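Asker: Contents of query_1.txt (compact mmCIF, C-alpha atoms) are given next:
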```
# COMPACT_ATOMS: atom_id res chain seq x y z
CA MET A 1 -5.03 12.13 4.91
CA THR A 2 -3.69 15.57 5.64
CA ALA A 3 -1.36 16.24 8.55
CA ASN A 4 -4.22 18.01 10.33
CA GLN A 5 -6.50 15.00 9.91
CA ILE A 6 -3.82 12.67 11.29
CA VAL A 7 -3.25 14.95 14.28
CA ASP A 8 -7.02 15.28 14.79
CA GLY A 9 -7.19 11.50 15.16
CA ILE A 10 -4.30 11.45 17.62
CA LEU A 11 -5.84 14.22 19.71
CA ARG A 12 -9.19 12.40 19.73
CA ARG A 13 -7.54 9.19 20.93
CA GLU A 14 -5.34 10.93 23.50
CA GLY A 15 -7.85 13.17 25.25
CA GLY A 16 -6.89 15.90 27.71
CA PHE A 17 -4.71 16.32 30.76
CA VAL A 18 -3.90 13.20 32.80
CA HIS A 19 -1.45 12.73 35.63
CA HIS A 20 -1.89 9.06 36.52
CA GLN A 21 0.56 7.73 39.06
CA ALA A 22 1.03 4.45 37.15
CA ASP A 23 1.89 6.18 33.84
CA LYS A 24 5.65 6.09 33.35
CA GLY A 25 5.30 9.13 31.11
CA GLY A 26 4.12 11.20 34.05
CA ALA A 27 1.81 14.12 33.39
CA THR A 28 0.45 14.20 29.84
CA ASN A 29 -1.82 16.56 27.97
CA ARG A 30 -3.25 15.65 24.58
CA GLY A 31 -0.77 12.75 24.65
CA ILE A 32 2.30 14.98 25.06
CA THR A 33 4.44 13.92 28.03
CA ALA A 34 6.32 16.22 30.39
CA ALA A 35 9.62 15.01 28.90
CA THR A 36 8.49 15.64 25.32
CA LEU A 37 7.18 19.10 26.12
CA GLY A 38 10.35 20.00 28.03
CA GLU A 39 12.48 18.82 25.11
CA PHE A 40 10.34 20.66 22.56
CA ARG A 41 10.54 23.89 24.55
CA ARG A 42 14.28 23.35 25.16
CA LEU A 43 13.80 23.69 28.91
CA GLY A 44 16.68 21.40 29.79
CA ARG A 45 14.28 19.45 32.02
CA PRO A 46 10.88 17.80 31.81
CA ALA A 47 8.01 20.27 31.92
CA THR A 48 6.20 20.53 35.22
CA PRO A 49 2.68 19.09 35.52
CA ASP A 50 1.35 22.67 35.55
CA GLU A 51 3.25 23.48 32.33
CA VAL A 52 1.91 20.30 30.74
CA GLN A 53 -1.65 21.09 31.78
CA ALA A 54 -1.38 24.65 30.40
CA MET A 55 -0.07 23.53 26.99
CA ALA A 56 -2.32 24.82 24.21
CA GLU A 57 -3.70 22.58 21.48
CA ASP A 58 -1.76 24.54 18.83
CA GLU A 59 1.52 23.66 20.54
CA ALA A 60 0.51 19.99 20.78
CA ARG A 61 -0.30 20.02 17.05
CA LEU A 62 3.10 21.52 16.26
CA ILE A 63 4.85 18.87 18.38
CA TYR A 64 2.94 16.07 16.67
CA THR A 65 3.69 17.43 13.21
CA ARG A 66 7.41 17.91 13.81
CA ARG A 67 8.22 15.01 16.09
CA TYR A 68 5.83 12.27 15.02
CA LEU A 69 4.63 12.93 11.45
CA ALA A 70 7.81 14.23 9.82
CA PRO A 71 9.97 11.10 10.36
CA TRP A 72 7.45 8.93 8.46
CA GLN A 73 6.99 11.01 5.30
CA TRP A 74 8.70 8.27 3.28
CA VAL A 75 5.98 5.69 4.15
CA GLN A 76 2.68 5.42 2.29
CA GLU A 77 -0.72 5.43 3.99
CA PRO A 78 -2.29 3.73 5.79
CA LEU A 79 0.92 2.19 7.20
CA ARG A 80 2.27 5.69 7.80
CA ILE A 81 -0.66 6.59 10.05
CA LEU A 82 -0.31 3.35 12.03
CA LEU A 83 3.41 3.98 12.59
CA ILE A 84 2.84 7.62 13.57
CA ASP A 85 0.19 6.71 16.11
CA TRP A 86 2.33 3.92 17.59
CA GLY A 87 5.17 6.41 17.96
CA VAL A 88 2.97 8.64 20.07
CA THR A 89 2.86 5.88 22.70
CA THR A 90 6.54 4.86 22.66
CA SER A 91 9.91 5.85 21.23
CA HIS A 92 10.58 6.17 17.50
CA PRO A 93 13.27 3.40 17.62
CA ASN A 94 10.77 0.97 19.19
CA VAL A 95 8.38 1.57 16.29
CA ILE A 96 11.14 1.03 13.73
CA LYS A 97 12.14 -2.22 15.45
CA GLY A 98 8.53 -3.39 15.21
CA LEU A 99 8.49 -2.46 11.53
CA GLN A 100 11.78 -4.30 10.97
CA ARG A 101 10.46 -7.42 12.74
CA ALA A 102 7.30 -7.32 10.61
CA LEU A 103 9.40 -7.00 7.45
CA ALA A 104 11.63 -9.87 8.55
CA GLU A 105 8.57 -12.06 9.16
CA GLN A 106 7.54 -11.37 5.56
CA GLY A 107 11.01 -12.32 4.31
CA GLU A 108 11.63 -8.77 3.07
CA TYR A 109 14.29 -7.75 5.60
CA ASP A 110 17.45 -9.51 6.75
CA GLY A 111 19.18 -6.58 8.42
CA LEU A 112 19.67 -5.77 12.06
CA ILE A 113 16.64 -5.08 14.23
CA ASP A 114 18.26 -1.84 15.34
CA GLY A 115 15.53 0.78 15.38
CA ILE A 116 17.13 2.76 12.55
CA ALA A 117 15.14 3.38 9.37
CA GLY A 118 18.13 3.08 7.06
CA THR A 119 18.33 2.16 3.40
CA LYS A 120 17.69 -1.57 3.97
CA THR A 121 14.56 -0.88 6.01
CA ARG A 122 13.22 1.65 3.53
CA GLN A 123 13.85 -0.61 0.54
CA ALA A 124 12.16 -3.51 2.31
CA VAL A 125 9.06 -1.36 2.96
CA GLU A 126 8.95 -0.45 -0.73
CA ARG A 127 9.11 -4.15 -1.73
CA ALA A 128 6.65 -5.45 0.84
CA ASP A 129 3.01 -6.28 0.22
CA ASP A 130 1.11 -3.33 1.75
CA TRP A 131 -1.76 -5.35 3.18
CA ALA A 132 0.40 -8.05 4.76
CA LEU A 133 2.90 -5.55 6.13
CA TYR A 134 0.20 -3.38 7.68
CA LEU A 135 -1.30 -6.37 9.49
CA ARG A 136 2.11 -7.64 10.64
CA VAL A 137 3.03 -4.20 11.99
CA LEU A 138 -0.30 -4.06 13.80
CA GLU A 139 0.46 -7.49 15.31
CA GLN A 140 3.90 -6.21 16.38
CA ARG A 141 2.27 -3.21 18.01
CA GLU A 142 -0.22 -5.36 19.89
CA ALA A 143 2.57 -7.68 21.04
CA PHE A 144 4.62 -4.66 22.16
CA TYR A 145 1.77 -3.45 24.38
CA LEU A 146 1.14 -6.91 25.78
CA ASP A 147 4.84 -7.25 26.61
CA LEU A 148 4.66 -3.93 28.44
CA ALA A 149 1.71 -5.08 30.49
CA PHE A 150 2.30 -8.81 30.90
CA ASP A 151 6.02 -9.67 30.91
CA ALA A 152 7.27 -12.04 33.63
CA GLN A 153 8.48 -9.22 35.86
CA THR A 154 5.15 -7.42 35.58
CA MET A 155 3.21 -10.55 36.45
CA ALA A 156 5.34 -11.04 39.58
CA PHE A 157 5.00 -7.36 40.38
CA LEU A 158 1.22 -7.50 39.93
CA ARG A 159 0.91 -10.00 42.72
CA ASP A 160 2.53 -7.53 45.12
CA HIS A 161 1.55 -4.14 43.66
CA PRO A 162 -1.89 -3.46 42.20
CA LYS A 163 -0.88 -0.16 40.51
CA THR A 164 0.99 -0.93 37.25
CA GLN A 165 0.95 -0.24 33.51
CA LEU A 166 -1.77 -2.89 33.29
CA HIS A 167 -4.25 -0.07 33.82
CA PHE A 168 -3.46 1.18 30.29
CA ALA A 169 -3.47 -2.13 28.36
CA ARG A 170 -7.14 -2.02 27.37
CA GLY A 171 -6.81 1.50 25.92
CA TRP A 172 -3.64 0.62 24.01
CA LEU A 173 -5.25 -2.44 22.46
CA SER A 174 -8.46 -0.58 21.67
CA ARG A 175 -6.33 1.98 19.90
CA CYS A 176 -4.69 -0.77 17.81
CA ARG A 177 -8.04 -2.26 16.81
CA GLU A 178 -9.14 1.11 15.49
CA PHE A 179 -6.45 0.82 12.81
CA ARG A 180 -7.71 -2.50 11.42
CA TRP A 181 -10.28 -0.68 9.29
CA MET A 182 -7.47 1.26 7.58
CA ALA A 183 -5.70 -1.86 6.35
CA PRO A 184 -5.46 -1.89 2.55
CA ALA A 185 -7.54 -4.59 0.89
CA PRO A 186 -5.63 -7.71 -0.21
```
Output the structure of this file as C-alpha cells.
Answerer:
Amino acid sequence: MTANQIVDGILRREGGFVHHQADKGGATNRGITAATLGEFRRLGRPATPDEVQAMAEDEARLIYTRRYLAPWQWVQEPLRILLIDWGVTTSHPNVIKGLQRALAEQGEYDGLIDGIAGTKTRQAVERADDWALYLRVLEQREAFYLDLAFDAQTMAFLRDHPKTQLHFARGWLSRCREFRWMAPAP
C-alpha cells in the first residue's frame, strides 16, 4: 500500500472532530489529539479545541506520514499497517512493547520489553513467521485495549462513575478486527 492509502484508511477509521469528555486525549480531529497537534506545530502547549477543529486534512496527512508511518518503514506489510494504526491510538513505545511481547511469545525475542525498536527487536521481526507474528501482535493490541477498559481500577471506578474509557472499547476492538483480513496466509 502507498502512504496515501494507509493514511486514507486511518482517516476513514478516525472520522472528524470529537471532543468527548471521557477521552483522555481530549479534543481530536481526524484522530489527531490536541497534544499531537501542539507538538507538531511546535506551540509549546497542546492545541486548543478550536485549533484542533480547524486543522485541515492536509495537515493531518502530514502528521500521520511523519509521526506514524515513518518509524515503521523497516517492517513489511501487512504487519507495518497494523503497527501504524495501533500507534495512532497510543504511544509508539506501547506498540513496540506489544510487538516485543508477541515476538517473545513466538520464541524469537529474549530482550527487554522496553518499547525500543533496537537491533534485537528488528532482527527478531526479520526471523519471525509473518502470519503468526501478525496474529500475535493483533492479540497484543486487543489485550492492550481490554486492559485500558477493564483493569481492576477501571472496574472499581465503573461502579462509581459511569463515564470512562469503556465508551471507546467497542470501537477499538472493531478497529482491530478490521485488520484480520490483512493477515498473510499461513
Asker: What lies within 12 Å of stretch 97-112 of chain A using only C-alpha atoms, ignoring chain neighbours under 4 positions off, as a PyMOL selection string?
Answerer: chain A and resi 72+75+79-80+82-84+86-87+90-93+116-145
Asker: Would you pick out the contacts of stretch 21-30 of chain A at 7 Å or less, using all atoms listed in the file, so that residues sharing its chain but fewer than 3 positions from it are not included, and give the list as JSON, numbers by chain?
Answerer: {"A": [11, 14, 15, 16, 17, 18, 33, 34, 49, 52, 53, 60, 163, 164, 165]}
Asker: Counting all atoms listed in the file, which of A:Val7, A:Ile81, A:Ala47, A:Ala35 gets nearest to A:Glu178?
Answerer: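 Looking at the shortest contact to A:Glu178, the residue is A:Ile81.
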Asker: Quick one, how far is atom CA of A:Arg175 from atom CA of A:Arg41?
Answerer: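 Taking atom CA of A:Arg175 and atom CA of A:Arg41, their separation equals 28.0 Å.
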Asker: Identify which of the residues A:Gly44, A:Gly31, A:Gly115, A:Pro78 lies closest to A:Phe179, counting only C-alpha atoms when measuring atom-to-atom distances.
Answerer: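 Closest to A:Phe179 of all the choices is A:Pro78.
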Asker: Which value, in Å to one decimal, gives the distance between atom CA of A:Asp8 and atom CA of A:Arg45?
Answerer: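 So the answer is 27.7 Å.
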Asker: Find the residue from A:Leu37, A:Ala54, A:Arg13, A:Arg61 that sits nearest to A:Gly171; use only C-alpha atoms when measuring.
Answerer: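 Of all the options, A:Arg13 lies closest to A:Gly171.
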Asker: Interatomic distance between atom CA of A:Leu148 and atom CA of A:Asp114?
Answerer: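 Calculated distance between atom CA of A:Leu148 and atom CA of A:Asp114 is 19.0 Å.
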Asker: Show me, as JSON, the centre and edge lengths in Å to one decimal of the axis-aligned box that covers every listed atom of stretch 24-42 of chain A with 5 Å on each side.
Answerer:
```
{"center_x": 5.5, "center_y": 15.0, "center_z": 28.3, "size_x": 27.5, "size_y": 27.8, "size_z": 21.5}
```
Asker: How would stretch 15-51 of chain A read, as a PDB file, in the frame of the given file, once N, CA and C atoms are built in?
Answerer:
```pdb
ATOM      1  N   GLY A  15      -7.075  12.476  24.233  1.00  0.00           N
ATOM      2  CA  GLY A  15      -7.850  13.170  25.250  1.00  0.00           C
ATOM      3  C   GLY A  15      -7.084  14.337  25.851  1.00  0.00           C
ATOM      4  N   GLY A  16      -7.448  14.710  27.060  1.00  0.00           N
ATOM      5  CA  GLY A  16      -6.890  15.900  27.710  1.00  0.00           C
ATOM      6  C   GLY A  16      -5.820  15.583  28.731  1.00  0.00           C
ATOM      7  N   PHE A  17      -5.742  16.423  29.738  1.00  0.00           N
ATOM      8  CA  PHE A  17      -4.710  16.320  30.760  1.00  0.00           C
ATOM      9  C   PHE A  17      -4.954  15.114  31.675  1.00  0.00           C
ATOM     10  N   VAL A  18      -3.883  14.349  31.898  1.00  0.00           N
ATOM     11  CA  VAL A  18      -3.900  13.200  32.800  1.00  0.00           C
ATOM     12  C   VAL A  18      -2.583  13.169  33.550  1.00  0.00           C
ATOM     13  N   HIS A  19      -2.661  12.911  34.830  1.00  0.00           N
ATOM     14  CA  HIS A  19      -1.450  12.730  35.630  1.00  0.00           C
ATOM     15  C   HIS A  19      -1.678  11.500  36.501  1.00  0.00           C
ATOM     16  N   HIS A  20      -1.630  10.339  35.861  1.00  0.00           N
ATOM     17  CA  HIS A  20      -1.890   9.060  36.520  1.00  0.00           C
ATOM     18  C   HIS A  20      -0.599   8.530  37.115  1.00  0.00           C
ATOM     19  N   GLN A  21      -0.652   8.152  38.373  1.00  0.00           N
ATOM     20  CA  GLN A  21       0.560   7.730  39.060  1.00  0.00           C
ATOM     21  C   GLN A  21       1.205   6.486  38.453  1.00  0.00           C
ATOM     22  N   ALA A  22       0.452   5.645  37.753  1.00  0.00           N
ATOM     23  CA  ALA A  22       1.030   4.450  37.150  1.00  0.00           C
ATOM     24  C   ALA A  22       1.616   4.703  35.760  1.00  0.00           C
ATOM     25  N   ASP A  23       1.392   5.873  35.188  1.00  0.00           N
ATOM     26  CA  ASP A  23       1.890   6.180  33.840  1.00  0.00           C
ATOM     27  C   ASP A  23       3.357   6.590  33.932  1.00  0.00           C
ATOM     28  N   LYS A  24       4.216   5.789  33.323  1.00  0.00           N
ATOM     29  CA  LYS A  24       5.650   6.090  33.350  1.00  0.00           C
ATOM     30  C   LYS A  24       5.993   7.385  32.645  1.00  0.00           C
ATOM     31  N   GLY A  25       5.089   7.857  31.792  1.00  0.00           N
ATOM     32  CA  GLY A  25       5.300   9.130  31.110  1.00  0.00           C
ATOM     33  C   GLY A  25       5.007  10.330  31.983  1.00  0.00           C
ATOM     34  N   GLY A  26       4.452  10.092  33.151  1.00  0.00           N
ATOM     35  CA  GLY A  26       4.120  11.200  34.050  1.00  0.00           C
ATOM     36  C   GLY A  26       2.924  11.977  33.525  1.00  0.00           C
ATOM     37  N   ALA A  27       2.903  13.259  33.840  1.00  0.00           N
ATOM     38  CA  ALA A  27       1.810  14.120  33.390  1.00  0.00           C
ATOM     39  C   ALA A  27       1.801  14.195  31.872  1.00  0.00           C
ATOM     40  N   THR A  28       0.617  14.059  31.282  1.00  0.00           N
ATOM     41  CA  THR A  28       0.450  14.200  29.840  1.00  0.00           C
ATOM     42  C   THR A  28      -0.754  15.087  29.553  1.00  0.00           C
ATOM     43  N   ASN A  29      -0.686  15.773  28.437  1.00  0.00           N
ATOM     44  CA  ASN A  29      -1.820  16.560  27.970  1.00  0.00           C
ATOM     45  C   ASN A  29      -1.897  16.373  26.462  1.00  0.00           C
ATOM     46  N   ARG A  30      -3.058  15.915  26.011  1.00  0.00           N
ATOM     47  CA  ARG A  30      -3.250  15.650  24.580  1.00  0.00           C
ATOM     48  C   ARG A  30      -2.215  14.630  24.082  1.00  0.00           C
ATOM     49  N   GLY A  31      -1.747  13.774  24.999  1.00  0.00           N
ATOM     50  CA  GLY A  31      -0.770  12.750  24.650  1.00  0.00           C
ATOM     51  C   GLY A  31       0.675  13.203  24.712  1.00  0.00           C
ATOM     52  N   ILE A  32       0.931  14.454  24.983  1.00  0.00           N
ATOM     53  CA  ILE A  32       2.300  14.980  25.060  1.00  0.00           C
ATOM     54  C   ILE A  32       2.786  14.843  26.505  1.00  0.00           C
ATOM     55  N   THR A  33       3.897  14.133  26.689  1.00  0.00           N
ATOM     56  CA  THR A  33       4.440  13.920  28.030  1.00  0.00           C
ATOM     57  C   THR A  33       5.226  15.140  28.501  1.00  0.00           C
ATOM     58  N   ALA A  34       5.503  15.160  29.797  1.00  0.00           N
ATOM     59  CA  ALA A  34       6.320  16.220  30.390  1.00  0.00           C
ATOM     60  C   ALA A  34       7.713  16.248  29.751  1.00  0.00           C
ATOM     61  N   ALA A  35       8.288  15.073  29.508  1.00  0.00           N
ATOM     62  CA  ALA A  35       9.620  15.010  28.900  1.00  0.00           C
ATOM     63  C   ALA A  35       9.603  15.556  27.473  1.00  0.00           C
ATOM     64  N   THR A  36       8.597  15.165  26.694  1.00  0.00           N
ATOM     65  CA  THR A  36       8.490  15.640  25.320  1.00  0.00           C
ATOM     66  C   THR A  36       8.296  17.147  25.266  1.00  0.00           C
ATOM     67  N   LEU A  37       7.423  17.661  26.105  1.00  0.00           N
ATOM     68  CA  LEU A  37       7.180  19.100  26.120  1.00  0.00           C
ATOM     69  C   LEU A  37       8.427  19.855  26.557  1.00  0.00           C
ATOM     70  N   GLY A  38       9.117  19.361  27.585  1.00  0.00           N
ATOM     71  CA  GLY A  38      10.350  20.000  28.030  1.00  0.00           C
ATOM     72  C   GLY A  38      11.417  20.009  26.941  1.00  0.00           C
ATOM     73  N   GLU A  39      11.530  18.899  26.217  1.00  0.00           N
ATOM     74  CA  GLU A  39      12.480  18.820  25.110  1.00  0.00           C
ATOM     75  C   GLU A  39      12.099  19.781  23.988  1.00  0.00           C
ATOM     76  N   PHE A  40      10.808  19.795  23.634  1.00  0.00           N
ATOM     77  CA  PHE A  40      10.340  20.660  22.560  1.00  0.00           C
ATOM     78  C   PHE A  40      10.590  22.134  22.880  1.00  0.00           C
ATOM     79  N   ARG A  41      10.349  22.494  24.131  1.00  0.00           N
ATOM     80  CA  ARG A  41      10.540  23.890  24.550  1.00  0.00           C
ATOM     81  C   ARG A  41      12.000  24.201  24.901  1.00  0.00           C
ATOM     82  N   ARG A  42      12.856  23.198  24.825  1.00  0.00           N
ATOM     83  CA  ARG A  42      14.280  23.350  25.160  1.00  0.00           C
ATOM     84  C   ARG A  42      14.470  23.874  26.588  1.00  0.00           C
ATOM     85  N   LEU A  43      13.741  23.273  27.514  1.00  0.00           N
ATOM     86  CA  LEU A  43      13.800  23.690  28.910  1.00  0.00           C
ATOM     87  C   LEU A  43      15.018  23.125  29.640  1.00  0.00           C
ATOM     88  N   GLY A  44      15.583  22.054  29.100  1.00  0.00           N
ATOM     89  CA  GLY A  44      16.680  21.400  29.790  1.00  0.00           C
ATOM     90  C   GLY A  44      16.200  20.511  30.927  1.00  0.00           C
ATOM     91  N   ARG A  45      14.914  20.260  30.979  1.00  0.00           N
ATOM     92  CA  ARG A  45      14.280  19.450  32.020  1.00  0.00           C
ATOM     93  C   ARG A  45      12.884  19.074  31.523  1.00  0.00           C
ATOM     94  N   PRO A  46      12.283  18.055  32.145  1.00  0.00           N
ATOM     95  CA  PRO A  46      10.880  17.800  31.810  1.00  0.00           C
ATOM     96  C   PRO A  46      10.017  18.978  32.244  1.00  0.00           C
ATOM     97  N   ALA A  47       8.962  19.230  31.518  1.00  0.00           N
ATOM     98  CA  ALA A  47       8.010  20.270  31.920  1.00  0.00           C
ATOM     99  C   ALA A  47       7.342  19.853  33.222  1.00  0.00           C
ATOM    100  N   THR A  48       6.923  20.821  33.988  1.00  0.00           N
ATOM    101  CA  THR A  48       6.200  20.530  35.220  1.00  0.00           C
ATOM    102  C   THR A  48       4.768  20.107  34.874  1.00  0.00           C
ATOM    103  N   PRO A  49       4.089  19.427  35.791  1.00  0.00           N
ATOM    104  CA  PRO A  49       2.680  19.090  35.520  1.00  0.00           C
ATOM    105  C   PRO A  49       1.836  20.330  35.193  1.00  0.00           C
ATOM    106  N   ASP A  50       2.100  21.444  35.858  1.00  0.00           N
ATOM    107  CA  ASP A  50       1.350  22.670  35.550  1.00  0.00           C
ATOM    108  C   ASP A  50       1.637  23.156  34.133  1.00  0.00           C
ATOM    109  N   GLU A  51       2.898  23.072  33.705  1.00  0.00           N
ATOM    110  CA  GLU A  51       3.250  23.480  32.330  1.00  0.00           C
ATOM    111  C   GLU A  51       2.590  22.553  31.320  1.00  0.00           C
TER     112      GLU A  51
END
```
